[in-house]
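A.B. asks: Below is one structure. I have some questions about it.
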Amino acid sequence: MQLYLTYSSPFARTARIVVQEHKLQSCINEHFSHPFHNQQELISNNPLGKVPCLNLDNGTVIMDSEVICSYLDKQLGDGRLSREMENDWNLRTLYSITSGLMETLVQRQMEKLREREGLRSEFWWQRYNSAINRTLDFLESNVSILPEQFSLIHINLGAALSYLDFRHEDLNWRGKRPQLTALSEALEARDSFSATNLHE
Ligand SMILES: N[C@@H](CCC(=O)N[C@@H](CS)C(=O)NCC(=O)O)C(=O)O
């Protein structure tokens with residue numbers, strides 16, 4: 001199985017963490033493919049040209065990160081990472097909030113790249129900053145509703161928080177957010193997190 005990824009993508013990292021949690025390294029081949037290089041192999045598997053994208057041995061393509069993580073957990077693992085959120089709409093919404101946070105962080109990074117071309121939009125910059133800060137405050141107040149067992153929500157949230165350190169140090173997200181700070185430290189201490197650190 002091929003997992004198309006970059007090592008700087010927080011979305012790809014969630015899939016890499018699930019691979020580690022279920023010890024699936026021997027059946028997953030990591031295939032580095034920077035979306036901006038438009039490699040034919042990635043594009044022919046994923047018309048959106050985004051990573052992560054999982055290509056099964058029988059040719060089936062699975063994406064995006066939510067579906068990949070769920071596939072790895074339920075089809076190749078024992079399903080423990082999804083179990084608690086399965087029929088719990090509040091937890092599924094919490095998962096969506098963490099994905100939305102990650103998406104906004106990636107968009108903020110893209111806005112930074114546009115700055116080099118003199119194209120940064122102040123409107124969108126402020127809008128991303130407000131959404132990120134509001135969402136972090138929301139998560140800080142709602143850490144207690146996370147499932148008791150380590151889950152895909154922990155993975156998504158942990159990956160988003162470390163992407164903040166990786167790309168958005170200027171936001172100083174830890175200030176006045178002790179719950180998230182402690183959670184991030186605990187998650188980063190797991191083997192699956194330390195084996196998948198973000199890098200270029
Ligand atoms: N919703 C997708 C988002 C994936 C995504 O945005 N990946 C970024 C890298 S972090 C990407 O491939 N960007 C290239 C592009 O937008 O063209 C997922 O959950 O997998």
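Residue names in the structure tokens use chain letters A, B, ... in the order shown, residue numbers from 1 in each chain, and ligand numbers from 1 in the order shown.
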Taking only C-alpha atoms and all ligand atoms into account, which residues have an atom no farther than 10 Å from ligand 1? I'd like them as JSON, numbers by chain.

C.D. replies: {"A": [4, 5, 6, 7, 8, 9, 10, 11, 12, 13, 14, 15, 33, 34, 35, 36, 37, 38, 48, 49, 50, 51, 52, 53, 63, 64, 65, 66, 67, 68, 69, 99, 100, 102, 103, 104, 105, 106, 107, 109, 110, 156, 163]}

A.B. asks: As a PDB file with N, CA and C atoms, in the first residue's frame, please: every residue in stretch 24-194 of chain A that DSSP puts in strand (DSSP E).

C.D. replies:
```pdb
ATOM      1  N   ASN A  29       3.797   1.708   2.534  1.00  0.00           N
ATOM      2  CA  ASN A  29       4.964   2.330   1.921  1.00  0.00           C
ATOM      3  C   ASN A  29       4.775   3.832   1.891  1.00  0.00           C
ATOM      4  N   GLU A  30       5.633   4.595   2.556  1.00  0.00           N
ATOM      5  CA  GLU A  30       5.480   6.059   2.498  1.00  0.00           C
ATOM      6  C   GLU A  30       6.055   6.558   1.181  1.00  0.00           C
ATOM      7  N   HIS A  31       5.276   7.361   0.473  1.00  0.00           N
ATOM      8  CA  HIS A  31       5.711   7.871  -0.830  1.00  0.00           C
ATOM      9  C   HIS A  31       5.660   9.400  -0.763  1.00  0.00           C
ATOM     10  N   PHE A  32       6.857  10.025  -0.677  1.00  0.00           N
ATOM     11  CA  PHE A  32       6.892  11.494  -0.583  1.00  0.00           C
ATOM     12  C   PHE A  32       6.433  12.098  -1.905  1.00  0.00           C
ATOM     13  N   CYS A  53      -2.961  10.648   0.697  1.00  0.00           N
ATOM     14  CA  CYS A  53      -3.792   9.843  -0.189  1.00  0.00           C
ATOM     15  C   CYS A  53      -3.252   8.411  -0.057  1.00  0.00           C
ATOM     16  N   LEU A  54      -4.157   7.471   0.131  1.00  0.00           N
ATOM     17  CA  LEU A  54      -3.733   6.075   0.328  1.00  0.00           C
ATOM     18  C   LEU A  54      -4.185   5.235  -0.857  1.00  0.00           C
ATOM     19  N   ASN A  55      -3.223   4.545  -1.457  1.00  0.00           N
ATOM     20  CA  ASN A  55      -3.519   3.696  -2.601  1.00  0.00           C
ATOM     21  C   ASN A  55      -3.375   2.237  -2.161  1.00  0.00           C
ATOM     22  N   VAL A  61      -8.433   3.753  -4.131  1.00  0.00           N
ATOM     23  CA  VAL A  61      -7.833   4.957  -3.557  1.00  0.00           C
ATOM     24  C   VAL A  61      -8.690   5.436  -2.395  1.00  0.00           C
ATOM     25  N   ILE A  62      -8.041   5.724  -1.271  1.00  0.00           N
ATOM     26  CA  ILE A  62      -8.758   6.184  -0.080  1.00  0.00           C
ATOM     27  C   ILE A  62      -8.246   7.575   0.274  1.00  0.00           C
TER      28      ILE A  62
END
```

A.B. asks: What is the atom CA of A:Phe150-atom CA of A:Thr181 distance in Å, reported with one decimal?

C.D. replies: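 Taking atom CA of A:Phe150 and atom CA of A:Thr181, their separation equals 16.6 Å.
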
A.B. asks: Run DSSP on the backbone and tell me which residues of stretch 62-94 of chain A come out as helix (DSSP H, G or I); list them as number ranges by chain.

C.D. replies: A: 65-76, 83-85, 89-94

A.B. asks: Could you jot down the atom CA of A:Leu187 to atom CA of A:Gln2 separation for me, Å, one decimal place?

C.D. replies: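 Going from atom CA of A:Leu187 over to atom CA of A:Gln2 covers 26.2 Å.
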
A.B. asks: Work out how far atom CA of A:Glu200 is from atom CA of A:Leu94, in Å to one decimal.

C.D. replies: 28.7 Å

A.B. asks: Neighbouring residues of A:Ala186 were defined as those with any atom within 12 Å, considering only C-alpha atoms; residues of the same chain fewer than 3 positions away were excluded. Please report them as a list in words.

C.D. replies: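 Counting only C-alpha atoms, the residues come to Phe150, His154, Ile155, Gly158, Leu161, Ser162, Gln179, Leu180, Thr181, Ala182, Leu183, Ala189, Arg190, Asp191, Ser192, Phe193 and Ser194 of chain A.
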
A.B. asks: Can you write just those residues out, C-alpha atoms, as a short mmCIF file (atom, residue, chain, number, x, y, z; two decimals), in the first residue's frame?

C.D. replies:
```
data_model
loop_
_atom_site.label_atom_id
_atom_site.label_comp_id
_atom_site.auth_asym_id
_atom_site.auth_seq_id
_atom_site.Cartn_x
_atom_site.Cartn_y
_atom_site.Cartn_z
CA PHE A 150 -6.79 7.76 23.25
CA HIS A 154 -6.59 13.13 20.26
CA ILE A 155 -4.50 12.45 17.17
CA GLY A 158 -2.29 16.80 18.87
CA LEU A 161 -1.15 21.77 18.12
CA SER A 162 2.29 20.64 16.95
CA GLN A 179 -5.17 22.42 29.53
CA LEU A 180 -4.16 22.25 25.87
CA THR A 181 -0.50 22.75 26.79
CA ALA A 182 -0.59 19.76 29.16
CA LEU A 183 -2.48 17.65 26.65
CA ALA A 189 5.46 11.91 24.66
CA ARG A 190 3.77 8.97 22.89
CA ASP A 191 6.00 6.87 20.63
CA SER A 192 3.61 7.35 17.70
CA PHE A 193 4.02 11.13 17.95
CA SER A 194 7.77 11.20 18.47
#
```

A.B. asks: Could you check the closest approach to A:Lys74 for each of A:Arg177, A:His199, A:His22, A:His168 and tell me which residue wins, using only C-alpha atoms?

C.D. replies: A:His22
